[in-house]
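The file coords27.tsv comes next; it holds TSV, C-alpha atoms.
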chain	number	residue	atom	x	y	z
I	1	MET	CA	50.02	1.73	67.88
I	2	ALA	CA	47.39	4.47	68.18
I	3	ASP	CA	45.01	4.44	71.16
I	4	ASP	CA	41.99	3.66	68.97
I	5	GLU	CA	43.64	0.69	67.25
I	6	GLU	CA	43.01	-2.82	68.51
I	7	PRO	CA	46.05	-5.07	68.89
I	8	SER	CA	46.50	-7.56	66.08
I	9	GLU	CA	45.44	-11.01	67.27
I	10	GLY	CA	46.22	-12.93	64.11
I	11	VAL	CA	43.80	-14.69	61.81
I	12	LEU	CA	43.16	-17.73	63.99
I	13	LEU	CA	42.85	-15.82	67.24
I	14	SER	CA	40.27	-13.40	65.87
I	15	SER	CA	37.96	-16.01	64.32
I	16	GLU	CA	35.06	-15.16	66.61
I	17	ASN	CA	35.28	-11.47	65.78
I	18	ASN	CA	35.62	-12.33	62.08
I	19	ALA	CA	32.49	-14.46	62.29
I	20	ALA	CA	30.49	-11.63	63.88
I	21	VAL	CA	31.55	-9.24	61.13
I	22	ARG	CA	30.83	-11.90	58.53
I	23	VAL	CA	27.27	-12.52	59.79
I	24	LYS	CA	26.44	-8.85	59.32
I	25	LEU	CA	28.21	-8.68	55.95
I	26	GLU	CA	26.55	-11.82	54.53
I	27	ARG	CA	23.12	-10.89	55.85
I	28	GLY	CA	23.40	-7.40	54.36
I	29	LYS	CA	24.69	-8.74	51.04
I	30	ARG	CA	21.53	-10.83	50.74
I	31	GLY	CA	19.21	-8.06	51.93
I	32	TRP	CA	17.97	-10.24	54.79
I	33	SER	CA	16.64	-8.89	58.05
I	34	THR	CA	17.75	-10.43	61.33
I	35	THR	CA	14.32	-12.11	61.38
I	36	THR	CA	14.83	-13.63	57.93
I	37	LEU	CA	18.27	-14.93	58.90
I	38	SER	CA	16.86	-16.31	62.16
I	39	GLU	CA	14.10	-18.11	60.24
I	40	ARG	CA	16.62	-19.62	57.81
I	41	LEU	CA	18.81	-20.80	60.67
I	42	ASN	CA	15.80	-22.36	62.41
I	43	GLU	CA	14.72	-24.10	59.16
I	44	ALA	CA	18.25	-25.54	58.88
I	45	GLY	CA	18.01	-26.90	62.42
I	46	PHE	CA	20.00	-24.18	64.23
I	47	ASP	CA	17.81	-22.57	66.88
I	48	MET	CA	18.31	-18.81	66.99
I	49	ASN	CA	16.04	-15.79	67.44
I	50	PRO	CA	16.46	-12.42	65.67
I	51	SER	CA	17.67	-10.77	68.87
I	52	ALA	CA	20.54	-13.26	69.14
I	53	VAL	CA	21.55	-12.54	65.52
I	54	TRP	CA	21.64	-8.81	66.28
I	55	ARG	CA	23.63	-9.36	69.49
I	56	ILE	CA	26.19	-11.53	67.66
I	57	GLU	CA	26.58	-8.98	64.86
I	58	ASN	CA	27.12	-6.21	67.37
I	59	ARG	CA	29.47	-8.25	69.54
I	60	LYS	CA	27.13	-8.18	72.52
I	61	ARG	CA	27.01	-11.99	72.49
I	62	ARG	CA	29.62	-14.61	71.66
I	63	ILE	CA	29.06	-17.08	68.85
I	64	ASN	CA	29.52	-20.77	69.63
I	65	LEU	CA	30.82	-23.42	67.25
I	66	ASP	CA	27.40	-24.91	66.44
I	67	GLU	CA	26.10	-21.44	65.58
I	68	ALA	CA	29.12	-20.70	63.40
I	69	ILE	CA	28.49	-23.96	61.54
I	70	GLY	CA	24.84	-22.96	61.12
I	71	PHE	CA	25.67	-19.52	59.76
I	72	ALA	CA	28.24	-20.99	57.35
I	73	GLU	CA	25.67	-23.53	56.15
I	74	VAL	CA	22.89	-20.99	55.69
I	75	PHE	CA	25.23	-18.61	53.84
I	76	GLY	CA	26.63	-21.48	51.77
I	77	VAL	CA	30.29	-20.85	52.62
I	78	PRO	CA	32.92	-23.19	54.09
I	79	LEU	CA	33.41	-22.75	57.83
I	80	THR	CA	37.10	-21.86	57.38
I	81	ASN	CA	36.06	-19.11	54.99
I	82	PHE	CA	33.31	-17.93	57.36
I	83	VAL	CA	35.68	-17.44	60.31
I	84	GLY	CA	38.53	-16.04	58.20
I	85	PRO	CA	39.35	-12.36	57.82
I	86	PRO	CA	36.29	-10.57	56.37
I	87	SER	CA	38.49	-8.61	53.96
I	88	LEU	CA	39.51	-11.91	52.34
I	89	ALA	CA	36.18	-13.64	52.83
I	90	THR	CA	34.40	-11.14	50.62
I	91	MET	CA	36.71	-12.25	47.84
I	92	GLY	CA	35.55	-15.85	47.47
I	93	ARG	CA	38.18	-16.66	44.85
I	94	ALA	CA	40.99	-15.57	47.19
I	95	MET	CA	39.67	-17.87	49.93
I	96	GLU	CA	39.30	-20.72	47.44
I	97	LEU	CA	42.91	-20.27	46.32
I	98	ILE	CA	44.12	-20.03	49.93
I	99	ASP	CA	42.29	-23.28	50.70
I	100	ASN	CA	43.97	-24.86	47.64
I	101	VAL	CA	47.42	-23.78	48.84
I	102	VAL	CA	46.78	-25.21	52.31
I	103	ALA	CA	45.44	-28.49	50.87
I	104	ALA	CA	48.44	-28.80	48.52
I	105	TYR	CA	50.83	-28.12	51.40
I	106	ARG	CA	49.07	-30.74	53.52
I	107	ALA	CA	49.26	-33.31	50.68
I	108	SER	CA	52.93	-32.47	50.10
I	109	HIS	CA	53.69	-32.88	53.80
I	110	ARG	CA	51.94	-36.28	53.85
I	111	ALA	CA	53.82	-37.37	50.72
I	112	ASN	CA	57.16	-36.29	52.21
I	113	HIS	CA	56.35	-38.22	55.38
I	114	GLU	CA	55.50	-41.35	53.37
I	115	ALA	CA	58.70	-41.00	51.31
I	116	ARG	CA	60.82	-40.72	54.47
I	117	LYS	CA	59.04	-43.70	56.00
I	118	ALA	CA	59.59	-45.80	52.85
I	119	ARG	CA	63.26	-44.81	52.72
I	120	ASP	CA	63.69	-45.63	56.43
I	121	GLN	CA	62.12	-49.07	55.88
I	122	LEU	CA	64.42	-49.73	52.92
I	123	ASP	CA	67.46	-48.56	54.92
I	124	ALA	CA	66.51	-50.84	57.82
I	125	TYR	CA	66.16	-53.79	55.45
I	126	LEU	CA	69.46	-53.00	53.73
I	127	ALA	CA	71.20	-52.78	57.11
I	128	THR	CA	70.49	-56.48	57.53
I	129	HIS	CA	71.43	-57.20	53.89
I	130	PRO	CA	74.55	-55.11	53.24
I	131	ASP	CA	75.53	-57.27	50.28
I	132	ILE	CA	72.76	-55.72	48.12
I	133	ARG	CA	72.98	-52.11	49.39
I	134	ASN	CA	74.93	-50.73	46.40
I	135	GLU	CA	72.60	-52.27	43.82
I	136	ALA	CA	69.50	-51.17	45.75
I	137	ASP	CA	70.81	-47.60	46.11
I	138	VAL	CA	71.51	-47.46	42.35
I	139	MET	CA	68.00	-48.78	41.59
I	140	VAL	CA	66.40	-46.18	43.87
I	141	SER	CA	68.49	-43.36	42.37
I	142	ASN	CA	67.66	-44.42	38.82
I	143	ALA	CA	63.96	-44.84	39.55
I	144	ILE	CA	63.81	-41.40	41.22
I	145	ALA	CA	65.64	-39.84	38.26
I	146	VAL	CA	63.06	-41.35	35.87
I	147	GLU	CA	60.19	-40.07	38.04
I	148	MET	CA	61.75	-36.60	38.24
I	149	ALA	CA	62.12	-36.49	34.45
I	150	LYS	CA	58.42	-37.44	34.08
I	151	ALA	CA	57.44	-34.79	36.64
I	152	ASN	CA	59.54	-32.16	34.84
I	153	GLU	CA	57.79	-32.99	31.57
I	154	GLU	CA	54.36	-32.77	33.19
I	155	TYR	CA	54.83	-29.88	35.63
I	156	GLY	CA	58.08	-28.18	34.64
I	157	PRO	CA	61.29	-28.13	36.66
I	158	THR	CA	61.22	-27.15	40.33
I	159	PHE	CA	63.97	-25.28	42.06
I	160	ASP	CA	64.60	-25.35	45.78
I	161	ALA	CA	65.95	-22.15	47.32
Please lay out the structure from this file as structure tokens.
Amino acid sequence: MADDEEPSEGVLLSSENNAAVRVKLERGKRGWSTTTLSERLNEAGFDMNPSAVWRIENRKRRINLDEAIGFAEVFGVPLTNFVGPPSLATMGRAMELIDNVVAAYRASHRANHEARKARDQLDAYLATHPDIRNEADVMVSNAIAVEMAKANEEYGPTFDA
């Protein structure tokens, strides 16, 4: 690493720096002065003077969570987008798609958890009723096969690596 390069902190660890860069970028994109941005923040209920805006942009002052929320609101961007890497944040569609991937992953994780929980409950029940285990296992397998066929028709086949 060259002497003039800063060490990589990762996306989450550099959120405060990202936000400072983003304030300047968003303000400039709109042609607003620090005074105009300050006025808009104050109108939205986030107390800030123009000097504080300048100090945040120039990393002379840290930004707190309430202020980050205020900037995101005034700029009309989601907070996660606001504190993300500025190189991605300037490409709104990329951030939107990243948010979609994260939301889909989260939903998939919840669904997998619920499926495991349901299977564990069935297994616990069948442990106390071993005489119906074979029939229940066949019913579950058949029902899952039907659901997979429906999913393949709707979404196409999936392949696990």
* To do: For atom CA of I:Val102 and atom CA of I:Glu73, quote the distance in Å rounded to one decimal.
  => 21.5 Å
* Residues within 8 Å of (28.8, -3.4, 60.6), counting all atoms listed in the file, listed as a list of chain:residue names ->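 Protein, DNA and RNA residues close to (28.8, -3.4, 60.6): I:Val21, I:Lys24, I:Leu25, I:Glu57, I:Asn58.
The spacing separating atom CA of I:Ala44 from atom CA of I:Ala68 amounts to 12.7 Å.
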* **Between atom CA of I:Val146 and atom CA of I:Ala124, distance in Å (one decimal)** =>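 Spanning atom CA of I:Val146 to atom CA of I:Ala124 is a straight-line distance of 24.2 Å.
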* **Minimum-distance residue to I:Ser14, chosen among I:Asn42, I:Pro85, I:Phe75, I:Ser51 (using all atoms listed in the file)** =>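 Ranking I:Asn42, I:Pro85, I:Phe75, I:Ser51 by distance to I:Ser14, first place goes to I:Pro85.
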* **Selected residue, from I:Arg110, I:Arg93, I:Arg59, I:Arg40, that lies nearest to I:Ala19 when counting all atoms listed in the file** =>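 Going through I:Arg110, I:Arg93, I:Arg59, I:Arg40 one by one, the smallest distance to I:Ala19 is for I:Arg59.
Residue nearest I:Pro86, chosen from I:Lys150, I:Ala145, I:Arg22, I:Asn17 and counting all atoms listed in the file: I:Arg22.
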Incomplete stretch 102-120 of chain I brought to N, CA, C and O atoms, written out as a CSV table (one decimal), in the frame of the given file:
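result22.csv was written with the following content:
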chain,number,residue,atom,x,y,z
I,102,VAL,N,46.7,-24.5,51.1
I,102,VAL,CA,46.8,-25.2,52.3
I,102,VAL,C,46.6,-26.7,52.0
I,102,VAL,O,47.4,-27.5,52.6
I,103,ALA,N,45.7,-27.1,51.2
I,103,ALA,CA,45.4,-28.5,50.9
I,103,ALA,C,46.7,-29.1,50.2
I,103,ALA,O,47.1,-30.2,50.4
I,104,ALA,N,47.3,-28.3,49.2
I,104,ALA,CA,48.4,-28.8,48.5
I,104,ALA,C,49.6,-29.0,49.5
I,104,ALA,O,50.4,-29.9,49.4
I,105,TYR,N,49.8,-28.0,50.4
I,105,TYR,CA,50.8,-28.1,51.4
I,105,TYR,C,50.6,-29.4,52.2
I,105,TYR,O,51.6,-30.1,52.5
I,106,ARG,N,49.4,-29.6,52.7
I,106,ARG,CA,49.1,-30.7,53.5
I,106,ARG,C,49.4,-32.0,52.8
I,106,ARG,O,50.0,-33.0,53.3
I,107,ALA,N,49.0,-32.1,51.5
I,107,ALA,CA,49.3,-33.3,50.7
I,107,ALA,C,50.8,-33.5,50.5
I,107,ALA,O,51.3,-34.6,50.6
I,108,SER,N,51.5,-32.4,50.3
I,108,SER,CA,52.9,-32.5,50.1
I,108,SER,C,53.6,-33.0,51.4
I,108,SER,O,54.5,-33.8,51.3
I,109,HIS,N,53.1,-32.5,52.5
I,109,HIS,CA,53.7,-32.9,53.8
I,109,HIS,C,53.5,-34.4,54.0
I,109,HIS,O,54.4,-35.1,54.4
I,110,ARG,N,52.2,-34.8,53.7
I,110,ARG,CA,51.9,-36.3,53.8
I,110,ARG,C,52.8,-37.1,52.9
I,110,ARG,O,53.4,-38.1,53.3
I,111,ALA,N,53.0,-36.6,51.7
I,111,ALA,CA,53.8,-37.4,50.7
I,111,ALA,C,55.3,-37.4,51.2
I,111,ALA,O,55.9,-38.5,51.1
I,112,ASN,N,55.8,-36.3,51.7
I,112,ASN,CA,57.2,-36.3,52.2
I,112,ASN,C,57.3,-37.3,53.4
I,112,ASN,O,58.3,-38.0,53.5
I,113,HIS,N,56.3,-37.3,54.2
I,113,HIS,CA,56.4,-38.2,55.4
I,113,HIS,C,56.4,-39.7,54.9
I,113,HIS,O,57.2,-40.5,55.4
I,114,GLU,N,55.5,-40.0,53.9
I,114,GLU,CA,55.5,-41.4,53.4
I,114,GLU,C,56.8,-41.7,52.7
I,114,GLU,O,57.3,-42.8,52.8
I,115,ALA,N,57.4,-40.7,52.0
I,115,ALA,CA,58.7,-41.0,51.3
I,115,ALA,C,59.8,-41.3,52.3
I,115,ALA,O,60.6,-42.2,52.2
I,116,ARG,N,59.8,-40.5,53.4
I,116,ARG,CA,60.8,-40.7,54.5
I,116,ARG,C,60.6,-42.1,55.1
I,116,ARG,O,61.6,-42.8,55.4
I,117,LYS,N,59.4,-42.4,55.4
I,117,LYS,CA,59.0,-43.7,56.0
I,117,LYS,C,59.5,-44.9,55.1
I,117,LYS,O,60.1,-45.8,55.6
I,118,ALA,N,59.2,-44.8,53.8
I,118,ALA,CA,59.6,-45.8,52.8
I,118,ALA,C,61.1,-45.9,52.8
I,118,ALA,O,61.7,-47.0,52.8
I,119,ARG,N,61.8,-44.8,52.8
I,119,ARG,CA,63.3,-44.8,52.7
I,119,ARG,C,63.8,-45.4,54.0
I,119,ARG,O,64.8,-46.2,54.0
I,120,ASP,N,63.2,-45.1,55.2
I,120,ASP,CA,63.7,-45.6,56.4
I,120,ASP,C,63.5,-47.1,56.5
I,120,ASP,O,64.4,-47.9,57.0
